[in-house]
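One structure is given below, encoded as C-alpha cells.
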Amino acid sequence: MIYLDSAATTFQKPPEVARAVAEAMRTMSSPGRGGYGAAMAAADTAFACRSELAELFHLDNPEQVVFTLNATHALNIAIKSLVPPGGRVVISGYEHNAVTRPLSALGAKTVVAAGPLFRQDAVLEAFNRLITPGTDAVICNHVSNVFGFVQPVEAIAAICRQRGVPFIIDASQSAGLLRLDMAALGAAFIAMPGHKGLYGPQGTGVLLCREGQQVKTLLEGGTGSLSLSQEMPDFLPDRLEAGTHNVPGIAGLLAGVRFLKKQGIETICHRERLLARQAAEGLRKLPGTRVFAQPRMTAQVGVLSFTAASRDAETIGGALGQREIAVRSGLHCAPLAHRTAGTLDTGTVRLSFSHWNTAGEVERFLEAMREILP
Amino acid sequence: MEHYLIIARSITYAQRMQRALGKAGIRCRIFRAPRDLTSLGCAYAVELAPPDLTAALQIIHREHLDPVQIFLPQAGGMREVTP
C-alpha cells in the first residue's frame with residue numbers, strides 16, 4: 001500500500017514505537033497507582049514522555065503536559081475551560097469540527113476570521129479586526145488539515161497577548177513538523193494528537209497548558225493523589241487525567257517523539273514539502289484538475305488537496321483505494337475550511353505525507369491518476 | 001540508616017523532585033507514603049539520607065516544588081516538621 005493519509009494518522013510508525021508498546025504491555029502497569037516495580041516503570045515512562053514533550057515545545061515543567069485520548073479530547077478541555085455558554089470566540093476559517101462542534105454545543109457566539117487560502121496577511125488582518133474586548137477565546141489551527149495552509153499563529157498570539165485574550169492553538173497538523181514555542185507564544189493551550197506528526201500510537205493526544213492556567217475537568221475520577229478528597233486535585237496533570245492512563249500508548253508516544261528528535265523536525269518537514277510539490281506539479285499536468293498548492297509552499301506543509309472536473313472526490317478516492325493507494329476524500333471533518341476555500345460542494349481529494357513516503361510513491365500515485373482521469 | 005521523608009503532591013511532583021535532586025548529586029528514592037503519615041490519602045514520598053536534607057530542601061524550594069509534608073526520623077517513628 002502507498003499510504004498518503006498521514007494527516008489522519010501516521011499509519012506507518014517507526015519500528016521502535018511498536019516495540020515500546022509491546023514492552024509496556026509486558027512490563028508496565030499504571031502510573032501513580034503503586035510503589036511496586038511495574039507501577040513505577042509506568043510512572044517513569046509517563047514522566048519521561050512529559051519531559052520530552054515539555055522540552056520539544058518549550059514548557060517549563062513536565063506537569064504542564066497532559067495526556068489525552070486525542071487532539072479532539074484536548075481541544076474540548078481547552079475550549080470548555082475558557083469559553084462559557086454563549087461566550088464570544090474568534091476562530092479561523094479553516095477550523096476542524098473538533099473546534100466548531102464543541103463551540104456549537106456551548107452555544108458560543110463564534111466569529112470567523114476568514115482569509116483566502118495561503119494568504120497569511122489576510123487571515124492576520126481578520127483576526128486583528130475581530131479580536132475585540134469581550135472575546136473569551138481565540139482559536140486557530142497552526143496548519144489546515146485540508147489544505148496544509150500554515151496560519152500565522154505567532155502573529156495572532158502576539159495580538160492575543162497584547163489584548164489579554166486567551167489563545168488556543170490546534171497543532172494537530174503541525175506538531176512534529178513546525179516549531180512551536182509555548183513560552184514565546186504565551187498561548188493558554190496547545191492541543192495535538194500523539195499519533196500524527198509525533199509518530200505515537202492512535203489513542204494518544206496531548207494538551208499543553210500554560211503555567212497557572214485554570215482548567216475545567218471533563219472527567220472526574222481516580223488520580224492516585226489526594227484520594228481522601230472528593231474534589232479533583234487542583235494541580236496538573238492530575239486534575240485532567242482521571243482514570244487509568246494509556247500506558248502502552250504513552251510508551252509508544254515517547255518512542256515516537258525520540259524518533260522525531262533524532263530525525264529532526266525541519267528535515268521531515270522539508271521532505272514532506274518536496275513530495276507535496278512533486279505531487280502538485282504532476283497533478284497540474286492532468287486535464288481538469290484544480291490543485292490547491294503554493295508554488296514554493298512558503299505557507300504550506302505536506303498536505304495537498306485537489307479536485308478534478310471529470311470525477312468527484314469520492315470516486316477518485318475509491319479508484320485510488322482499489323489500486324492500494326490510501327488518500328482521504330470528502331470534507332475531512334472540516335466543512336468550515338471547505339466553505340472558506342470554496343470547495344464545500346465538491347469536497348477535495350487530500351494527500352498527506354509522512355517521513356516514510358518516497359518520490360517513487362508519488363510517481364506511482366501520479367501514474368494511477370493518469371489512469372483514473374480520462 | 002534512618003531516612004527523611006518528603007511528601008509530594010503527586011507522583012509527577014515526586015519525580016520532579018527526584019530529577020532535580022539527582023542533578024545536584026543527591027540520591028533519593030520514591031515510594032508510596034505510609035498511610036499513617038499523611039492525611040492526603042494516596043501519596044508519594046521522596047526518601048533522603050539525613051546529611052542531604054538541607055541542600056535538598058533548598059533545591060526543592062528553588063524549583064517551586066514545595067513539599068506537602070516533611071518527616072524526620074524519631075525514636076520509634078516519624079515526626080512531622082514544618083516545611
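In the C-alpha cells, chains take letters A, B, ... by order of appearance, with residues numbered from 1 within each chain and ligands from 1 in the order shown.
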
For Ile250 of chain A, find every residue with an atom within 8 Å (counting only C-alpha atoms), except residues of its own chain fewer than 5 positions away, and show them as a ChimeraX atom specification.
/A:45-46,49,200,204

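Those residues of chain A that fall within 6 Å of chain B when using only C-alpha atoms read Gly32, Gly35, Gly224, Ser225, Leu226, Ser227 and Leu228 of chain A.
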
Could the residues in this selection be written to a file with N, CA and C atoms, as a PDB file, in the first residue's frame?
```pdb
ATOM      1  N   GLY A  32       1.294   6.035  39.235  1.00  0.00           N
ATOM      2  CA  GLY A  32       0.623   6.670  40.369  1.00  0.00           C
ATOM      3  C   GLY A  32      -0.316   5.765  41.114  1.00  0.00           C
ATOM      4  N   GLY A  35       3.655   1.410  44.422  1.00  0.00           N
ATOM      5  CA  GLY A  35       5.092   1.649  44.552  1.00  0.00           C
ATOM      6  C   GLY A  35       5.911   0.465  44.075  1.00  0.00           C
ATOM      7  N   GLY A 224      -4.827   8.778  41.797  1.00  0.00           N
ATOM      8  CA  GLY A 224      -3.679   8.316  42.583  1.00  0.00           C
ATOM      9  C   GLY A 224      -3.121   9.381  43.501  1.00  0.00           C
ATOM     10  N   SER A 225      -3.841  10.479  43.654  1.00  0.00           N
ATOM     11  CA  SER A 225      -3.387  11.569  44.533  1.00  0.00           C
ATOM     12  C   SER A 225      -4.599  12.150  45.265  1.00  0.00           C
ATOM     13  N   LEU A 226      -4.344  12.700  46.447  1.00  0.00           N
ATOM     14  CA  LEU A 226      -5.402  13.329  47.265  1.00  0.00           C
ATOM     15  C   LEU A 226      -6.657  12.457  47.342  1.00  0.00           C
ATOM     16  N   SER A 227      -6.450  11.191  47.572  1.00  0.00           N
ATOM     17  CA  SER A 227      -7.554  10.238  47.430  1.00  0.00           C
ATOM     18  C   SER A 227      -8.704  10.466  48.403  1.00  0.00           C
ATOM     19  N   LEU A 228      -8.417  11.081  49.540  1.00  0.00           N
ATOM     20  CA  LEU A 228      -9.491  11.272  50.517  1.00  0.00           C
ATOM     21  C   LEU A 228     -10.461  12.380  50.110  1.00  0.00           C
TER      22      LEU A 228
END
```

Who sits within 10 Å of Gln294 of chain A, only C-alpha atoms, same chain under 5 positions skipped, as a PyMOL selection string:
chain A and resi 117-118+149+277+280+299-301+304

Using N, CA and C atoms, can you write the selected residues to a file as a short mmCIF file (atom, residue, chain, number, x, y, z; two decimals), in the first residue's frame?
```cif
data_model
loop_
_atom_site.label_atom_id
_atom_site.label_comp_id
_atom_site.auth_asym_id
_atom_site.auth_seq_id
_atom_site.Cartn_x
_atom_site.Cartn_y
_atom_site.Cartn_z
N LEU A 117 -7.21 31.31 0.95
CA LEU A 117 -6.23 30.26 1.14
C LEU A 117 -4.81 30.75 0.87
N PHE A 118 -3.92 30.41 1.77
CA PHE A 118 -2.48 30.72 1.70
C PHE A 118 -2.18 32.21 1.85
N PHE A 149 -2.40 24.65 4.80
CA PHE A 149 -2.14 26.09 4.94
C PHE A 149 -1.58 26.37 6.34
N ARG A 277 5.12 19.08 -3.36
CA ARG A 277 5.38 19.85 -4.59
C ARG A 277 5.44 18.95 -5.81
N ALA A 280 1.93 18.03 -6.60
CA ALA A 280 1.19 19.18 -7.14
C ALA A 280 1.57 19.44 -8.60
N ALA A 299 3.78 28.94 2.70
CA ALA A 299 2.76 28.91 3.75
C ALA A 299 1.97 27.61 3.66
N GLN A 300 2.68 26.55 3.36
CA GLN A 300 2.03 25.24 3.22
C GLN A 300 3.02 24.15 3.62
N VAL A 301 2.48 23.12 4.26
CA VAL A 301 3.33 21.94 4.53
C VAL A 301 2.79 20.77 3.71
N LEU A 304 -1.97 18.29 0.79
CA LEU A 304 -2.29 18.81 -0.53
C LEU A 304 -3.68 18.34 -0.94
#
```

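Among A:Gly148, A:Ala187, A:Gly34, A:Phe67, the residue with the shortest atom-to-atom distance to Ser305 of chain A, counting only C-alpha atoms, is A:Gly148.
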
Where in chain B does DSSP assign strand (DSSP E), given as a ChimeraX atom specification?
/B:4-8,28-32,44-48,69-74,77-81

Which neighbours of Leu72 of chain B fall inside 6 Å, counting only C-alpha atoms, when residues of the same chain fewer than 2 positions from it are skipped, and could you give them as a PyMOL selection string?
chain B and resi 4+78-79

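Within 10 Å of Thr244 of chain A, once only C-alpha atoms are used and residues closer than 2 positions along the same chain are dropped, the contacting residues are Ser29, Ser30, Pro31, Gly32, Arg33, Gly221, Gly222, Thr223, Gly224, Glu241, Ala242, Asn246 and Val247 of chain A.
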
Saved selection, atoms kept: N, CA and C atoms, as a PDB file, in the first residue's frame:
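Written output follows (result.pdb):
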```
ATOM      1  N   SER A  29       2.420  -1.344  34.568  1.00  0.00           N
ATOM      2  CA  SER A  29       1.009  -1.340  34.975  1.00  0.00           C
ATOM      3  C   SER A  29       0.448   0.071  34.860  1.00  0.00           C
ATOM      4  N   SER A  30       0.329   0.790  35.950  1.00  0.00           N
ATOM      5  CA  SER A  30      -0.358   2.085  35.897  1.00  0.00           C
ATOM      6  C   SER A  30       0.393   3.108  36.754  1.00  0.00           C
ATOM      7  N   PRO A  31       0.696   4.278  36.190  1.00  0.00           N
ATOM      8  CA  PRO A  31       1.450   5.258  36.974  1.00  0.00           C
ATOM      9  C   PRO A  31       0.626   5.819  38.125  1.00  0.00           C
ATOM     10  N   GLY A  32       1.294   6.035  39.235  1.00  0.00           N
ATOM     11  CA  GLY A  32       0.623   6.670  40.369  1.00  0.00           C
ATOM     12  C   GLY A  32      -0.316   5.765  41.114  1.00  0.00           C
ATOM     13  N   ARG A  33      -0.225   4.481  40.848  1.00  0.00           N
ATOM     14  CA  ARG A  33      -1.171   3.565  41.495  1.00  0.00           C
ATOM     15  C   ARG A  33      -0.476   2.549  42.396  1.00  0.00           C
ATOM     16  N   GLY A 221     -12.509  11.456  38.573  1.00  0.00           N
ATOM     17  CA  GLY A 221     -12.269  10.073  38.967  1.00  0.00           C
ATOM     18  C   GLY A 221     -10.950   9.934  39.690  1.00  0.00           C
ATOM     19  N   GLY A 222     -10.457   8.716  39.739  1.00  0.00           N
ATOM     20  CA  GLY A 222      -9.228   8.445  40.469  1.00  0.00           C
ATOM     21  C   GLY A 222      -8.008   9.017  39.773  1.00  0.00           C
ATOM     22  N   THR A 223      -7.086   9.541  40.583  1.00  0.00           N
ATOM     23  CA  THR A 223      -5.851  10.101  40.033  1.00  0.00           C
ATOM     24  C   THR A 223      -4.612   9.554  40.731  1.00  0.00           C
ATOM     25  N   GLY A 224      -4.827   8.778  41.797  1.00  0.00           N
ATOM     26  CA  GLY A 224      -3.679   8.316  42.583  1.00  0.00           C
ATOM     27  C   GLY A 224      -3.121   9.381  43.501  1.00  0.00           C
ATOM     28  N   GLU A 241      -6.380  14.195  34.345  1.00  0.00           N
ATOM     29  CA  GLU A 241      -6.072  12.811  33.960  1.00  0.00           C
ATOM     30  C   GLU A 241      -6.745  11.814  34.904  1.00  0.00           C
ATOM     31  N   ALA A 242      -8.056  11.818  34.916  1.00  0.00           N
ATOM     32  CA  ALA A 242      -8.791  10.868  35.750  1.00  0.00           C
ATOM     33  C   ALA A 242      -8.772   9.488  35.102  1.00  0.00           C
ATOM     34  N   ASN A 246      -3.288   5.422  29.338  1.00  0.00           N
ATOM     35  CA  ASN A 246      -2.964   4.559  28.203  1.00  0.00           C
ATOM     36  C   ASN A 246      -1.435   4.375  28.193  1.00  0.00           C
ATOM     37  N   VAL A 247      -0.972   3.545  29.090  1.00  0.00           N
ATOM     38  CA  VAL A 247       0.491   3.407  29.261  1.00  0.00           C
ATOM     39  C   VAL A 247       1.182   2.869  28.004  1.00  0.00           C
TER      40      VAL A 247
END
```

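If you measure from each of A:Gly282, A:Cys209, A:Ala334, A:Pro374 to Ala309 of chain A using only C-alpha atoms, the closest one turns out to be A:Pro374.
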
Quick one, how far is atom CA of Cys269 of chain A from atom CA of Leu177 of chain A?
5.2 Å

I want to know what sits within 7 Å of Gly87 of chain A, based on only C-alpha atoms, with residues of the same chain fewer than 2 positions away left out; could you give that as a VMD selection string?
chain A and resid 83 to 85 89 108 to 109 136

For Lys216 of chain A, work out the shell of residues within 9 Å, counting only C-alpha atoms and skipping chain neighbours fewer than 6 positions away, then give it as a ChimeraX atom specification.
/A:77-78,80-82,239-240

What would the file look like if the residues just selected were written as a PDB file, in the first residue's frame with N, CA and C atoms?
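Output saved as result-v3.pdb:
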```pdb
ATOM      1  N   ILE A  77     -11.170  20.017  26.285  1.00  0.00           N
ATOM      2  CA  ILE A  77     -10.774  20.522  27.615  1.00  0.00           C
ATOM      3  C   ILE A  77     -10.441  22.014  27.514  1.00  0.00           C
ATOM      4  N   ALA A  78      -9.648  22.352  26.523  1.00  0.00           N
ATOM      5  CA  ALA A  78      -9.212  23.745  26.382  1.00  0.00           C
ATOM      6  C   ALA A  78     -10.400  24.674  26.175  1.00  0.00           C
ATOM      7  N   LYS A  80     -13.624  24.187  26.778  1.00  0.00           N
ATOM      8  CA  LYS A  80     -14.589  24.234  27.885  1.00  0.00           C
ATOM      9  C   LYS A  80     -13.992  24.846  29.154  1.00  0.00           C
ATOM     10  N   SER A  81     -12.669  24.958  29.171  1.00  0.00           N
ATOM     11  CA  SER A  81     -12.030  25.688  30.278  1.00  0.00           C
ATOM     12  C   SER A  81     -12.158  27.194  30.101  1.00  0.00           C
ATOM     13  N   LEU A  82     -12.239  27.641  28.866  1.00  0.00           N
ATOM     14  CA  LEU A  82     -12.170  29.083  28.604  1.00  0.00           C
ATOM     15  C   LEU A  82     -13.492  29.713  28.164  1.00  0.00           C
ATOM     16  N   ARG A 239      -5.289  16.872  37.632  1.00  0.00           N
ATOM     17  CA  ARG A 239      -6.640  17.431  37.500  1.00  0.00           C
ATOM     18  C   ARG A 239      -7.330  16.973  36.218  1.00  0.00           C
ATOM     19  N   LEU A 240      -6.549  16.768  35.184  1.00  0.00           N
ATOM     20  CA  LEU A 240      -7.133  16.444  33.874  1.00  0.00           C
ATOM     21  C   LEU A 240      -6.904  15.000  33.450  1.00  0.00           C
TER      22      LEU A 240
END
```

Quick one: DSSP alpha helix (DSSP H) residues in segment 241-352 of chain A, as a ChimeraX atom specification?
/A:247-263,265-284,313-322,335-341

Selection file, C-alpha atoms, as a compact mmCIF listing (two decimals), in the first residue's frame:
```
# COMPACT_ATOMS: atom_id res chain seq x y z
CA VAL A 247 0.49 3.41 29.26
CA PRO A 248 1.32 1.41 26.12
CA GLY A 249 0.24 4.42 24.08
CA ILE A 250 2.36 6.78 26.17
CA ALA A 251 5.34 4.45 25.85
CA GLY A 252 4.85 4.41 22.09
CA LEU A 253 4.48 8.18 22.01
CA LEU A 254 7.74 8.55 23.91
CA ALA A 255 9.46 6.38 21.31
CA GLY A 256 7.83 8.42 18.54
CA VAL A 257 8.98 11.73 19.98
CA ARG A 258 12.52 10.43 20.39
CA PHE A 259 12.47 9.21 16.78
CA LEU A 260 11.26 12.63 15.68
CA LYS A 261 14.01 14.42 17.58
CA LYS A 262 16.60 12.11 16.08
CA GLN A 263 15.37 12.69 12.54
CA ILE A 265 11.62 18.32 12.60
CA GLU A 266 12.96 20.52 9.82
CA THR A 267 14.27 17.52 7.90
CA ILE A 268 10.93 15.76 7.94
CA CYS A 269 9.02 18.92 7.07
CA HIS A 270 11.33 19.71 4.15
CA ARG A 271 11.00 16.19 2.82
CA GLU A 272 7.20 16.28 3.02
CA ARG A 273 7.11 19.64 1.26
CA LEU A 274 9.20 18.27 -1.59
CA LEU A 275 6.84 15.34 -2.01
CA ALA A 276 3.80 17.62 -1.95
CA ARG A 277 5.38 19.85 -4.59
CA GLN A 278 6.15 16.86 -6.75
CA ALA A 279 2.54 15.69 -6.46
CA ALA A 280 1.19 19.18 -7.14
CA GLU A 281 3.32 19.66 -10.25
CA GLY A 282 2.26 16.26 -11.58
CA LEU A 283 -1.41 16.80 -10.86
CA ARG A 284 -1.42 20.17 -12.59
CA ALA A 313 -13.57 13.35 -4.98
CA GLU A 314 -15.04 10.14 -3.60
CA THR A 315 -14.80 8.42 -6.99
CA ILE A 316 -11.14 9.33 -7.21
CA GLY A 317 -10.52 8.21 -3.64
CA GLY A 318 -12.25 4.90 -4.33
CA ALA A 319 -10.33 4.33 -7.56
CA LEU A 320 -7.05 5.04 -5.79
CA GLY A 321 -8.04 2.70 -2.98
CA GLN A 322 -8.59 -0.10 -5.49
CA PRO A 335 -16.75 21.88 6.43
CA LEU A 336 -15.76 25.36 7.57
CA ALA A 337 -12.41 25.06 5.81
CA HIS A 338 -14.11 23.93 2.63
CA ARG A 339 -16.62 26.75 2.88
CA THR A 340 -13.80 29.26 3.25
CA ALA A 341 -11.90 27.84 0.28
```

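Counting from atom CA of Ala39 of chain A, the distance to atom CA of Arg26 of chain A is 12.1 Å.
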
For atom CA of Thr132 of chain A and atom CA of Gln151 of chain A, quote the distance in Å rounded to one decimal.
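Computing the Euclidean distance for atom CA of Thr132 of chain A and atom CA of Gln151 of chain A yields 19.9 Å.
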